[in-house]
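Structure data (TSV, C-alpha atoms and all ligand atoms) from structure.tsv:
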chain	number	residue	atom	x	y	z
A	357	MET	CA	0.00	0.00	0.00
A	358	LEU	CA	1.28	3.50	-0.80
A	359	ARG	CA	1.59	6.12	1.90
A	360	GLN	CA	1.27	9.79	1.15
A	361	ASN	CA	4.29	11.92	0.35
A	362	ASP	CA	4.95	13.96	3.49
A	363	GLY	CA	6.11	17.27	2.18
A	364	MET	CA	6.68	18.74	-1.20
A	365	GLY	CA	10.24	18.06	-2.28
A	366	GLN	CA	11.43	16.97	1.16
A	367	PHE	CA	12.64	13.59	-0.06
A	368	ALA	CA	14.53	15.12	-2.99
A	369	LYS	CA	16.06	17.79	-0.74
A	370	GLN	CA	17.32	15.16	1.68
A	371	ILE	CA	18.82	13.11	-1.12
A	372	ILE	CA	20.49	16.10	-2.77
A	373	THR	CA	21.98	17.47	0.47
A	374	TRP	CA	23.23	14.04	1.44
A	375	GLN	CA	24.77	13.48	-2.00
A	376	GLN	CA	26.60	16.79	-1.87
A	377	GLN	CA	27.99	16.05	1.58
A	378	SER	CA	28.47	12.29	1.61
A	379	GLY	CA	27.90	10.90	-1.91
A	380	ARG	CA	30.45	9.78	-4.47
A	381	HIS	CA	32.09	12.57	-6.48
A	382	ASP	CA	35.24	11.16	-8.00
A	383	LEU	CA	34.21	8.11	-9.99
A	384	PRO	CA	35.97	8.03	-13.39
A	385	TRP	CA	32.74	8.76	-15.28
A	386	GLN	CA	31.69	11.66	-13.07
A	387	ASN	CA	32.56	15.32	-13.62
A	388	THR	CA	31.92	15.06	-17.35
A	389	ARG	CA	29.03	16.00	-19.59
A	390	ASP	CA	30.22	13.72	-22.39
A	391	PRO	CA	27.18	11.54	-23.13
A	392	TYR	CA	29.38	8.82	-24.65
A	393	GLN	CA	31.39	8.35	-21.45
A	394	ILE	CA	28.24	8.51	-19.34
A	395	TRP	CA	26.44	6.02	-21.60
A	396	VAL	CA	29.26	3.45	-21.42
A	397	SER	CA	29.44	3.78	-17.63
A	398	GLU	CA	25.68	3.42	-17.19
A	399	ILE	CA	25.62	0.27	-19.33
A	400	MET	CA	28.55	-1.23	-17.40
A	401	LEU	CA	26.85	-0.37	-14.11
A	402	GLN	CA	23.69	-2.26	-15.06
A	403	GLN	CA	23.95	-5.48	-13.03
A	404	THR	CA	27.59	-4.80	-12.02
A	405	GLN	CA	28.93	-3.02	-8.95
A	406	VAL	CA	31.04	0.13	-9.13
A	407	ASN	CA	34.25	-1.48	-7.86
A	408	ALA	CA	34.13	-4.17	-10.54
A	409	VAL	CA	33.37	-1.63	-13.28
A	410	ILE	CA	36.21	0.85	-12.63
A	411	GLY	CA	39.04	-1.20	-14.21
A	412	TYR	CA	36.95	-2.32	-17.20
A	413	TYR	CA	35.79	1.22	-17.82
A	414	ALA	CA	39.35	2.59	-17.95
A	415	LYS	CA	40.48	-0.08	-20.44
A	416	PHE	CA	37.35	0.30	-22.56
A	417	MET	CA	37.76	4.07	-22.77
A	418	ALA	CA	41.43	3.79	-23.63
A	419	ARG	CA	40.60	1.50	-26.56
A	420	PHE	CA	37.27	3.08	-27.63
A	421	PRO	CA	37.52	6.76	-26.68
A	422	ASP	CA	34.50	7.87	-28.74
A	423	VAL	CA	31.46	6.60	-30.53
A	424	ALA	CA	33.15	6.57	-33.97
A	425	THR	CA	35.98	4.35	-32.72
A	426	LEU	CA	33.52	1.99	-31.07
A	427	ALA	CA	31.36	1.77	-34.20
A	428	ALA	CA	34.38	1.08	-36.42
A	429	ALA	CA	35.83	-1.62	-34.15
A	430	PRO	CA	35.23	-5.32	-34.84
A	431	LEU	CA	32.65	-6.80	-32.46
A	432	ASP	CA	35.28	-9.31	-31.36
A	433	ASP	CA	37.46	-6.53	-30.07
A	434	VAL	CA	34.56	-5.06	-28.08
A	435	MET	CA	33.71	-8.49	-26.63
A	436	GLN	CA	37.32	-8.95	-25.65
A	437	HIS	CA	37.22	-5.74	-23.62
A	438	TRP	CA	34.01	-6.92	-21.97
A	439	ALA	CA	35.12	-10.48	-21.18
A	440	GLY	CA	34.64	-11.14	-17.47
A	441	LEU	CA	32.04	-8.41	-16.86
A	442	GLY	CA	29.16	-10.75	-17.70
A	443	TYR	CA	25.76	-10.06	-19.32
A	444	TYR	CA	27.37	-9.92	-22.74
A	445	ALA	CA	24.27	-8.66	-24.54
A	446	ARG	CA	25.28	-5.30	-23.05
A	447	ALA	CA	28.49	-5.24	-25.10
A	448	ARG	CA	26.73	-6.35	-28.29
A	449	ASN	CA	24.12	-3.64	-27.80
A	450	LEU	CA	26.76	-0.97	-27.14
A	451	HIS	CA	28.41	-1.83	-30.42
A	452	LYS	CA	25.09	-1.99	-32.29
A	453	SER	CA	24.06	1.37	-30.81
A	454	ALA	CA	27.38	2.97	-31.82
A	455	VAL	CA	26.80	1.82	-35.41
A	456	MET	CA	23.24	3.23	-35.24
A	457	ILE	CA	24.49	6.57	-33.89
A	458	MET	CA	26.92	6.84	-36.80
A	459	ALA	CA	24.20	5.91	-39.33
A	460	HIS	CA	21.17	7.79	-37.96
A	461	PHE	CA	22.44	10.57	-35.69
A	462	GLY	CA	25.41	11.81	-37.73
A	463	GLY	CA	27.89	10.35	-35.23
A	464	VAL	CA	26.55	12.55	-32.40
A	465	PHE	CA	25.08	10.90	-29.31
A	466	PRO	CA	21.32	11.69	-29.34
A	467	GLY	CA	20.11	14.54	-27.15
A	468	THR	CA	16.54	13.67	-26.19
A	469	PHE	CA	15.12	11.05	-23.84
A	470	ASP	CA	13.08	9.35	-26.59
A	471	GLU	CA	16.06	9.13	-28.94
A	472	VAL	CA	18.31	7.77	-26.21
A	473	LEU	CA	15.59	5.25	-25.27
A	474	SER	CA	15.44	4.09	-28.91
A	475	LEU	CA	19.01	2.71	-28.74
A	476	PRO	CA	19.42	-1.03	-28.15
A	477	GLY	CA	20.10	-2.01	-24.52
A	478	ILE	CA	18.80	1.25	-23.03
A	479	GLY	CA	15.64	1.09	-20.90
A	480	ARG	CA	13.61	3.82	-19.27
A	481	SER	CA	15.80	4.15	-16.17
A	482	THR	CA	19.14	4.13	-18.02
A	483	ALA	CA	17.87	6.68	-20.57
A	484	ALA	CA	16.79	8.99	-17.73
A	485	ALA	CA	20.16	8.63	-15.96
A	486	ILE	CA	22.11	9.42	-19.16
A	487	CYS	CA	19.91	12.45	-19.90
A	488	ALA	CA	20.24	13.70	-16.30
A	489	PHE	CA	24.04	13.42	-16.17
A	490	ALA	CA	24.78	14.53	-19.73
A	491	TYR	CA	22.10	17.16	-20.32
A	492	GLY	CA	20.62	17.99	-16.90
A	493	GLN	CA	17.23	16.74	-18.12
A	494	ARG	CA	14.61	15.90	-15.50
A	495	GLY	CA	13.54	12.25	-15.34
A	496	ALA	CA	12.96	9.36	-12.92
A	497	ILE	CA	15.29	6.41	-12.49
A	498	LEU	CA	14.35	3.03	-11.04
A	499	ASP	CA	17.11	0.44	-10.98
A	500	GLY	CA	17.34	-2.36	-8.39
A	501	ASN	CA	19.00	-0.17	-5.75
A	502	VAL	CA	16.50	2.64	-6.19
A	503	LYS	CA	13.58	0.22	-5.94
A	504	ARG	CA	14.91	-0.89	-2.57
A	505	VAL	CA	15.29	2.69	-1.27
A	506	LEU	CA	11.81	3.73	-2.41
A	507	ALA	CA	10.08	0.56	-1.21
A	508	ARG	CA	11.60	1.00	2.26
A	509	ARG	CA	11.29	4.76	2.59
A	510	PHE	CA	7.67	4.92	1.37
A	511	GLY	CA	6.56	1.52	2.66
A	512	VAL	CA	5.65	0.05	-0.71
A	513	THR	CA	4.78	-3.54	0.10
A	514	GLY	CA	4.24	-6.43	-2.32
A	515	ASP	CA	6.55	-8.31	-4.65
A	516	VAL	CA	8.88	-5.77	-6.34
A	517	ARG	CA	9.27	-8.16	-9.27
A	518	SER	CA	5.57	-7.95	-10.08
A	519	LYS	CA	4.34	-5.52	-12.74
A	520	LEU	CA	1.86	-3.96	-10.34
A	521	ILE	CA	4.41	-3.07	-7.64
A	522	GLU	CA	6.94	-1.95	-10.22
A	523	GLU	CA	4.34	0.42	-11.62
A	524	GLN	CA	3.65	1.76	-8.11
A	525	LEU	CA	7.36	2.35	-7.61
A	526	TRP	CA	7.58	4.17	-10.94
A	527	GLN	CA	4.75	6.43	-9.77
A	528	VAL	CA	6.65	7.22	-6.57
A	529	ALA	CA	9.89	7.75	-8.52
A	530	GLU	CA	8.17	10.14	-10.96
A	531	ARG	CA	6.40	12.01	-8.17
A	532	GLU	CA	9.61	12.71	-6.24
A	533	VAL	CA	11.77	13.98	-9.14
A	534	PRO	CA	12.84	17.55	-8.29
A	535	ASN	CA	12.76	20.46	-10.71
A	536	ASN	CA	16.39	21.36	-10.02
A	537	ASP	CA	19.66	19.61	-9.24
A	538	ILE	CA	18.65	16.50	-11.15
A	539	GLU	CA	22.28	15.37	-11.42
A	540	ALA	CA	22.88	15.37	-7.65
A	541	TYR	CA	19.45	13.84	-7.03
A	542	THR	CA	19.98	10.99	-9.50
A	543	GLN	CA	23.52	10.32	-8.28
A	544	GLY	CA	22.34	10.57	-4.67
A	545	LEU	CA	19.64	7.94	-5.14
A	546	MET	CA	22.18	5.61	-6.74
A	547	ASP	CA	24.79	6.26	-4.05
A	548	LEU	CA	22.37	5.86	-1.16
A	549	GLY	CA	21.12	2.54	-2.52
A	550	ALA	CA	24.64	1.26	-3.13
A	551	THR	CA	26.33	2.41	0.06
A	552	VAL	CA	23.75	3.06	2.83
A	553	CYS	CA	20.41	1.41	2.10
A	554	THR	CA	22.07	-1.86	1.18
A	555	ARG	CA	20.28	-5.17	0.81
A	556	GLY	CA	21.67	-7.01	3.84
A	557	GLN	CA	22.28	-4.58	6.69
A	558	PRO	CA	21.42	-1.01	5.77
A	559	SER	CA	23.27	1.71	7.72
A	560	CYS	CA	20.07	3.42	8.84
A	561	LEU	CA	21.83	5.54	11.43
A	562	LEU	CA	23.77	7.25	8.62
A	563	CYS	CA	20.72	7.66	6.41
A	564	PRO	CA	19.19	11.08	5.73
A	565	LEU	CA	15.75	9.48	5.21
A	566	ARG	CA	15.62	7.78	8.60
A	567	ARG	CA	13.07	10.02	10.33
A	568	GLN	CA	10.45	9.48	7.64
A	569	CYS	CA	11.45	5.97	6.59
A	570	VAL	CA	8.52	3.56	6.93
A	571	ALA	CA	10.71	0.45	6.99
A	572	PHE	CA	12.96	1.90	9.71
A	573	ASN	CA	10.17	3.25	11.89
A	574	ASP	CA	7.84	0.28	11.53
A	575	GLY	CA	10.56	-2.38	11.87
A	576	MET	CA	10.02	-3.66	8.32
A	577	ILE	CA	13.54	-3.49	6.93
A	578	ASP	CA	13.74	-7.27	6.54
A	579	GLN	CA	10.42	-7.39	4.71
A	580	LEU	CA	11.07	-4.57	2.23
A	581	PRO	CA	11.44	-4.68	-0.66
A	582	GLY	CA	8.92	-7.54	-0.74
A	583	ARG	CA	9.60	-10.71	-2.67
A	584	GLY	CA	7.10	-13.33	-3.73
A	585	ALA	CA	7.57	-16.98	-2.87
A	586	ARG	CA	11.14	-17.94	-3.66
A	587	LYS	CA	11.33	-20.19	-6.67
A	588	GLU	CA	13.83	-22.99	-6.81
A	589	THR	CA	16.68	-21.94	-9.13
A	590	PRO	CA	16.88	-24.45	-11.98
A	591	HIS	CA	20.17	-26.24	-12.42
A	592	ARG	CA	21.82	-27.25	-15.70
A	593	GLN	CA	24.92	-29.23	-16.49
A	594	THR	CA	27.09	-29.32	-19.55
A	595	ARG	CA	30.28	-30.87	-20.80
A	596	MET	CA	33.07	-28.87	-22.45
A	597	LEU	CA	35.90	-30.22	-24.58
A	598	VAL	CA	39.40	-29.04	-23.71
A	599	MET	CA	41.38	-30.15	-26.78
A	600	LEU	CA	45.05	-29.43	-26.17
A	601	HIS	CA	47.78	-29.49	-28.77
A	602	ALA	CA	51.25	-28.39	-27.63
A	603	ASN	CA	50.59	-25.04	-25.96
A	604	SER	CA	47.26	-24.27	-27.61
A	605	VAL	CA	43.64	-25.13	-27.01
A	606	LEU	CA	40.78	-25.30	-29.49
A	607	ILE	CA	38.01	-22.75	-28.95
A	608	GLU	CA	34.91	-21.94	-30.97
A	609	ARG	CA	32.72	-18.90	-31.30
A	610	ARG	CA	29.31	-19.24	-29.69
A	611	PRO	CA	26.15	-18.31	-31.61
A	612	PRO	CA	25.26	-14.58	-31.43
A	613	THR	CA	22.30	-15.10	-29.09
A	614	GLY	CA	21.90	-17.12	-25.90
A	615	ILE	CA	24.34	-17.25	-23.00
A	616	TRP	CA	27.78	-15.84	-23.76
A	617	GLY	CA	26.49	-14.99	-27.25
A	618	GLY	CA	29.33	-14.05	-29.64
A	619	LEU	CA	32.10	-14.92	-27.16
A	620	TRP	CA	34.78	-17.52	-27.79
A	621	SER	CA	34.42	-20.59	-25.62
A	622	LEU	CA	35.42	-24.20	-25.18
A	623	PRO	CA	33.12	-26.33	-27.37
A	624	GLU	CA	30.05	-27.42	-25.42
A	625	ILE	CA	28.63	-30.89	-25.99
A	626	ALA	CA	25.78	-32.95	-24.55
A	627	MET	CA	26.62	-34.65	-21.25
A	628	GLU	CA	26.06	-38.12	-22.62
A	629	SER	CA	28.09	-37.61	-25.84
A	630	ASP	CA	31.06	-39.78	-26.76
A	631	VAL	CA	33.75	-37.09	-26.41
A	632	LEU	CA	36.28	-38.69	-28.78
A	633	ALA	CA	33.66	-39.28	-31.47
A	634	VAL	CA	32.54	-35.61	-31.31
A	635	ALA	CA	36.13	-34.35	-31.29
A	636	LYS	CA	36.87	-36.40	-34.39
A	637	SER	CA	33.70	-35.75	-36.37
A	638	LYS	CA	33.22	-32.07	-35.54
A	639	PHE	CA	36.79	-30.83	-35.17
A	640	GLY	CA	38.85	-33.37	-37.13
A	641	ILE	CA	40.91	-34.24	-34.04
A	642	THR	CA	43.17	-37.28	-33.77
A	643	PRO	CA	43.84	-37.99	-30.08
A	644	SER	CA	47.33	-38.82	-28.86
A	645	LYS	CA	47.93	-42.56	-28.71
A	646	GLY	CA	47.54	-44.13	-25.30
A	647	ARG	CA	46.08	-40.94	-23.76
A	648	ARG	CA	42.48	-41.32	-22.68
A	649	PRO	CA	40.18	-38.31	-22.26
A	650	ARG	CA	40.67	-36.95	-18.75
A	651	PRO	CA	37.99	-35.27	-16.64
A	652	LEU	CA	39.14	-31.95	-15.13
A	653	ALA	CA	37.78	-30.27	-12.00
A	654	GLU	CA	34.18	-29.20	-12.49
A	655	ILE	CA	33.18	-25.55	-12.26
A	656	GLU	CA	30.00	-24.06	-10.80
A	657	HIS	CA	28.63	-20.87	-12.30
A	658	GLY	CA	25.54	-18.88	-11.33
A	659	PHE	CA	23.35	-16.97	-13.79
A	660	THR	CA	20.35	-14.84	-12.82
A	661	HIS	CA	17.86	-17.56	-13.72
A	662	TYR	CA	19.78	-20.80	-13.26
A	663	SER	CA	22.98	-22.35	-12.07
A	664	LEU	CA	25.36	-24.28	-14.27
A	665	THR	CA	27.89	-27.02	-13.58
A	666	ILE	CA	30.54	-27.39	-16.26
A	667	TYR	CA	32.31	-30.74	-16.63
A	668	PRO	CA	35.49	-30.09	-18.67
A	669	THR	CA	37.12	-33.09	-20.37
A	670	GLU	CA	40.71	-32.83	-21.57
A	671	ILE	CA	41.78	-34.51	-24.80
A	672	ALA	CA	45.45	-34.61	-25.78
A	673	VAL	CA	45.55	-33.96	-29.52
A	674	ALA	CA	48.12	-35.68	-31.73
A	675	LYS	CA	47.18	-34.02	-35.02
A	676	ARG	CA	45.23	-30.91	-36.03
A	677	GLU	CA	43.24	-31.52	-39.19
A	678	LEU	CA	42.04	-28.91	-41.65
A	679	SER	CA	38.50	-28.86	-40.32
A	680	ALA	CA	39.85	-27.27	-37.16
A	681	GLU	CA	40.86	-24.16	-39.12
A	682	GLU	CA	37.34	-23.27	-40.24
A	683	PRO	CA	35.79	-19.86	-39.49
A	684	GLY	CA	34.45	-19.74	-35.95
A	685	ILE	CA	37.11	-22.14	-34.70
A	686	LEU	CA	40.65	-21.35	-33.64
A	687	TRP	CA	43.62	-22.60	-31.69
A	688	LEU	CA	44.33	-20.23	-28.85
A	689	ASP	CA	47.79	-20.04	-27.35
A	690	LEU	CA	47.58	-20.72	-23.61
A	691	ALA	CA	49.68	-17.58	-23.06
A	692	ASP	CA	46.85	-15.44	-24.54
A	693	ILE	CA	44.06	-16.70	-22.28
A	694	SER	CA	43.94	-13.77	-19.92
A	695	THR	CA	43.32	-11.27	-22.74
A	696	ALA	CA	40.93	-13.40	-24.84
A	697	ALA	CA	37.15	-12.73	-24.98
A	698	LEU	CA	36.19	-15.80	-22.97
A	699	PRO	CA	33.37	-16.24	-20.43
A	700	ALA	CA	34.66	-16.11	-16.83
A	701	PRO	CA	34.22	-19.83	-15.98
A	702	VAL	CA	35.88	-20.92	-19.25
A	703	LYS	CA	38.76	-18.60	-18.52
A	704	LYS	CA	39.01	-20.17	-15.06
A	705	ILE	CA	39.31	-23.68	-16.53
A	706	LEU	CA	41.99	-22.58	-18.98
A	707	LEU	CA	43.97	-20.47	-16.51
A	708	ALA	CA	44.20	-23.52	-14.24
A	709	LEU	CA	45.59	-25.50	-17.20
A	710	GLU	CA	48.02	-22.74	-18.10
A	711	HIS	CA	49.18	-22.58	-14.51
A	712	LYS	CA	49.73	-26.34	-14.50
A	713	ALA	CA	51.64	-26.20	-17.80
A	714	LYS	CA	53.90	-23.45	-16.41
A	715	THR	CA	54.66	-25.24	-13.16
A	716	LYS	CA	55.54	-28.41	-15.09
A	717	LYS	CA	58.31	-26.60	-16.99
A	801	LIG	S1	16.45	4.50	7.03
A	801	LIG	FE1	17.39	2.55	6.59
A	801	LIG	S2	15.86	1.38	5.47
A	801	LIG	FE2	15.22	3.51	5.46
A	801	LIG	S3	15.96	4.30	3.54
A	801	LIG	FE3	17.50	4.75	5.10
A	801	LIG	S4	18.94	3.05	5.04
A	801	LIG	FE4	17.09	2.43	3.93

As structure tokens, the full file:
Amino acid sequence: MLRQNDGMGQFAKQIITWQQQSGRHDLPWQNTRDPYQIWVSEIMLQQTQVNAVIGYYAKFMARFPDVATLAAAPLDDVMQHWAGLGYYARARNLHKSAVMIMAHFGGVFPGTFDEVLSLPGIGRSTAAAICAFAYGQRGAILDGNVKRVLARRFGVTGDVRSKLIEEQLWQVAEREVPNNDIEAYTQGLMDLGATVCTRGQPSCLLCPLRRQCVAFNDGMIDQLPGRGARKETPHRQTRMLVMLHANSVLIERRPPTGIWGGLWSLPEIAMESDVLAVAKSKFGITPSKGRRPRPLAEIEHGFTHYSLTIYPTEIAVAKRELSAEEPGILWLDLADISTAALPAPVKKILLALEHKAKTKK
């Protein structure tokens, strides 16, 4: 149930004052009006925490300093700079958007909310954040952190993942947007959600909203934001082939959509497959005589909607046939693993192998 706003602009004033005194001011993408830099940072910050983004952001900007450079770069290069950050559709959409900006906006990042919203990978909240930071345009944001702050402060009960409650939160978010200082307000909401009104143990005693906060005053912090009945996370398992020849390993490019779309990866095969038969028929591999396929340590990986166990199987390769040189397949030198565009768990498997190969020498 919604409670009434208790004073015109009070919430926004508290957020803005707090941001100016205690918020974050020196992040690498702050103190600029360059919409390109702000856009890249906002996309990286979707689903990823600030500390993890900082290093990736610096490398990405060094390689792709502007929209023209990003649009002209091969997708592979972009994916390589994203490898390890996760949610790879974000990188594909950044690249696609850069190409669109060159084709439809004359190479200039669009200047209105609707145009920004029309770019792939940009939703209502991200478009508003970009327009606030780059152009000082007034608009409401509602990412996961902001949902938590609003649900607690205004006592919005019900499952935040439901359409109905999300719509209620959007109404609150729209209602509270101030007419001025939109940059400090937007940053303040983000900062408060990330550093004070955290999921586990919010630091209520440091919070500027404490006196009016419904969750704090009614002892409902644990119940807000509300979640529906917890669903069991589905679990999947898969087998990956680790075909090693001298100091290189065979990798293949994954299809453009689906998990890790467009990234290079170890070939994935059905759990029950005959690994040698697949290696031979699909990749033209002749295994080394007397060396049987060897199971390596399994890896657990969590996605938003399911968990995955990867069972890697090592095959020592005697001979590389022509079919292993086809497009979408390549032999990667073990020394290049750390810089290759590989999903994090695949990189983990290969780095362990590389480490073992080094310590053997
Ligand atoms: S008082 Fe506590 S629960 Fe309420 S908004 Fe602040 S940090 Fe969050």

Q.
Neighbouring residues of ligand LIG 801 (chain A) are defined here as those with any atom at most 6 Å from a ligand atom, counting only C-alpha atoms and all ligand atoms; list them as a PyMOL selection string.
A. chain A and resi 505+508-509+552-553+558-560+563+565-566+569+571-572+577

Let's have the selection written as a PDB file, in the frame of the given file, with C-alpha atoms.
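Below you can see again_3.pdb, which holds the result:
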ATOM      1  CA  VAL A 505      15.290   2.690  -1.270  1.00  0.00           C
ATOM      2  CA  ARG A 508      11.600   1.000   2.260  1.00  0.00           C
ATOM      3  CA  ARG A 509      11.290   4.760   2.590  1.00  0.00           C
ATOM      4  CA  VAL A 552      23.750   3.060   2.830  1.00  0.00           C
ATOM      5  CA  CYS A 553      20.410   1.410   2.100  1.00  0.00           C
ATOM      6  CA  PRO A 558      21.420  -1.010   5.770  1.00  0.00           C
ATOM      7  CA  SER A 559      23.270   1.710   7.720  1.00  0.00           C
ATOM      8  CA  CYS A 560      20.070   3.420   8.840  1.00  0.00           C
ATOM      9  CA  CYS A 563      20.720   7.660   6.410  1.00  0.00           C
ATOM     10  CA  LEU A 565      15.750   9.480   5.210  1.00  0.00           C
ATOM     11  CA  ARG A 566      15.620   7.780   8.600  1.00  0.00           C
ATOM     12  CA  CYS A 569      11.450   5.970   6.590  1.00  0.00           C
ATOM     13  CA  ALA A 571      10.710   0.450   6.990  1.00  0.00           C
ATOM     14  CA  PHE A 572      12.960   1.900   9.710  1.00  0.00           C
ATOM     15  CA  ILE A 577      13.540  -3.490   6.930  1.00  0.00           C
TER      16      ILE A 577
END

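A straight line drawn from CA of Leu580 in chain A to CA of Glu530 in chain A is 20.0 Å long.
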
**Q.** Protein and nucleic acid residues near (34.1, -26.6, -25.1) (cut-off 12 Å, only C-alpha atoms) as a ChimeraX atom specification
**A.** /A:594-600,605-610,620-627,631,634-635,638-639,666-671,685-686,698-699,701-703,705-706

Contacts between range 466-481 of chain A and range 389-409 of chain A, please, where a residue of range 389-409 of chain A counts if it comes within 12 Å (with all atoms listed in the file); show its shortest atom pair and distance in Å to one decimal, rows by chain and ascending number, as JSON lines.
{"residue": "A:Arg389", "atom": "CA", "partner": "A:Gly467", "partner_atom": "CA", "distance": 11.8}
{"residue": "A:Asp390", "atom": "CA", "partner": "A:Gly467", "partner_atom": "CA", "distance": 11.2}
{"residue": "A:Pro391", "atom": "CA", "partner": "A:Pro466", "partner_atom": "CA", "distance": 8.5}
{"residue": "A:Tyr392", "atom": "CA", "partner": "A:Pro466", "partner_atom": "CA", "distance": 9.8}
{"residue": "A:Trp395", "atom": "CA", "partner": "A:Ile478", "partner_atom": "CA", "distance": 9.1}
{"residue": "A:Val396", "atom": "CA", "partner": "A:Ile478", "partner_atom": "CA", "distance": 10.8}
{"residue": "A:Glu398", "atom": "CA", "partner": "A:Ile478", "partner_atom": "CA", "distance": 9.3}
{"residue": "A:Ile399", "atom": "CA", "partner": "A:Ile478", "partner_atom": "CA", "distance": 7.8}
{"residue": "A:Met400", "atom": "CA", "partner": "A:Gly477", "partner_atom": "CA", "distance": 11.1}
{"residue": "A:Gln402", "atom": "CA", "partner": "A:Ile478", "partner_atom": "CA", "distance": 10.0}

Those same residues, written as a compact mmCIF listing (two decimals), in the frame of the given file with C-alpha atoms?
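What ended up in part15.txt:
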# COMPACT_ATOMS: atom_id res chain seq x y z
CA ARG A 389 29.03 16.00 -19.59
CA ASP A 390 30.22 13.72 -22.39
CA PRO A 391 27.18 11.54 -23.13
CA TYR A 392 29.38 8.82 -24.65
CA TRP A 395 26.44 6.02 -21.60
CA VAL A 396 29.26 3.45 -21.42
CA GLU A 398 25.68 3.42 -17.19
CA ILE A 399 25.62 0.27 -19.33
CA MET A 400 28.55 -1.23 -17.40
CA GLN A 402 23.69 -2.26 -15.06

**Q.** Distance in Å - CA of Val528 in chain A versus CA of Gly495 in chain A
**A.**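 According to the coordinates, CA of Val528 in chain A and CA of Gly495 in chain A are separated by 12.2 Å.
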
Q | Within 9 Å of file point (13.0, -7.4, -4.3), counting only C-alpha atoms, expressed as a ChimeraX atom specification | A | /A:500,503-504,515-517,580-584

What does the file look like for those residues with C-alpha atoms, as a PDB file, keeping the file's coordinate frame?
ATOM      1  CA  GLY A 500      17.340  -2.360  -8.390  1.00  0.00           C
ATOM      2  CA  LYS A 503      13.580   0.220  -5.940  1.00  0.00           C
ATOM      3  CA  ARG A 504      14.910  -0.890  -2.570  1.00  0.00           C
ATOM      4  CA  ASP A 515       6.550  -8.310  -4.650  1.00  0.00           C
ATOM      5  CA  VAL A 516       8.880  -5.770  -6.340  1.00  0.00           C
ATOM      6  CA  ARG A 517       9.270  -8.160  -9.270  1.00  0.00           C
ATOM      7  CA  LEU A 580      11.070  -4.570   2.230  1.00  0.00           C
ATOM      8  CA  PRO A 581      11.440  -4.680  -0.660  1.00  0.00           C
ATOM      9  CA  GLY A 582       8.920  -7.540  -0.740  1.00  0.00           C
ATOM     10  CA  ARG A 583       9.600 -10.710  -2.670  1.00  0.00           C
ATOM     11  CA  GLY A 584       7.100 -13.330  -3.730  1.00  0.00           C
TER      12      GLY A 584
END

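One distance worth recording is that between CA of Ile372 in chain A and CA of Tyr541 in chain A, which is 4.9 Å.
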
**Q.** Given all atoms listed in the file as the counted atoms, nearest of A:Gln375, A:Thr660, A:Gln436, A:Ser604 to Met546 in chain A
**A.**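 Closest to Met546 in chain A of all the choices is A:Gln375.
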
(Q) I'd like the neighbourhood of Tyr444 in chain A as a VMD selection string, where a residue qualifies if any of its atoms comes within 12 Å (using all atoms listed in the file), though same-chain residues fewer than 5 positions away should be ignored. (A) chain A and resid 399 to 400 402 to 404 431 to 432 434 to 439 449 to 451 477 610 612 to 620 697 to 700

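Closest approach to Phe367 in chain A among A:Leu707, A:Ile655, A:Ala529, A:Leu561: A:Ala529, based on only C-alpha atoms.
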
Q) Smallest atom-to-atom distance to Pro421 in chain A: which of A:Ala633, A:Ala368, A:Ile394, A:Leu441, using all atoms listed in the file? A)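 Once distances to Pro421 in chain A are computed over all atoms listed in the file, the minimum belongs to A:Ile394.
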
Q.
Counting only C-alpha atoms, which residue out of A:Lys712, A:Arg648, A:Lys519, A:His661 sits closest to Lys587 in chain A?
A.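 Among the listed residues, the smallest separation from Lys587 in chain A belongs to A:His661.
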
Q | Proximity to Ala713 in chain A - best of A:Val533, A:Ala672, A:Leu690, A:Leu383, all atoms listed in the file | A |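 Closest residue, counting all atoms listed in the file: A:Leu690.
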
Q.
Could you check the closest approach to Pro590 in chain A for each of A:Arg446, A:Tyr413, A:Thr388, A:Tyr662 and tell me which residue wins, using all atoms listed in the file?
A. A:Tyr662

Listed atoms of range 618-632 of chain A boxed axis-aligned with 5 Å per side, centre + edges as lines of an AutoDock Vina configuration file:
center_x = 31.0
center_y = -26.9
center_z = -25.4
size_x = 20.5
size_y = 35.7
size_z = 18.4
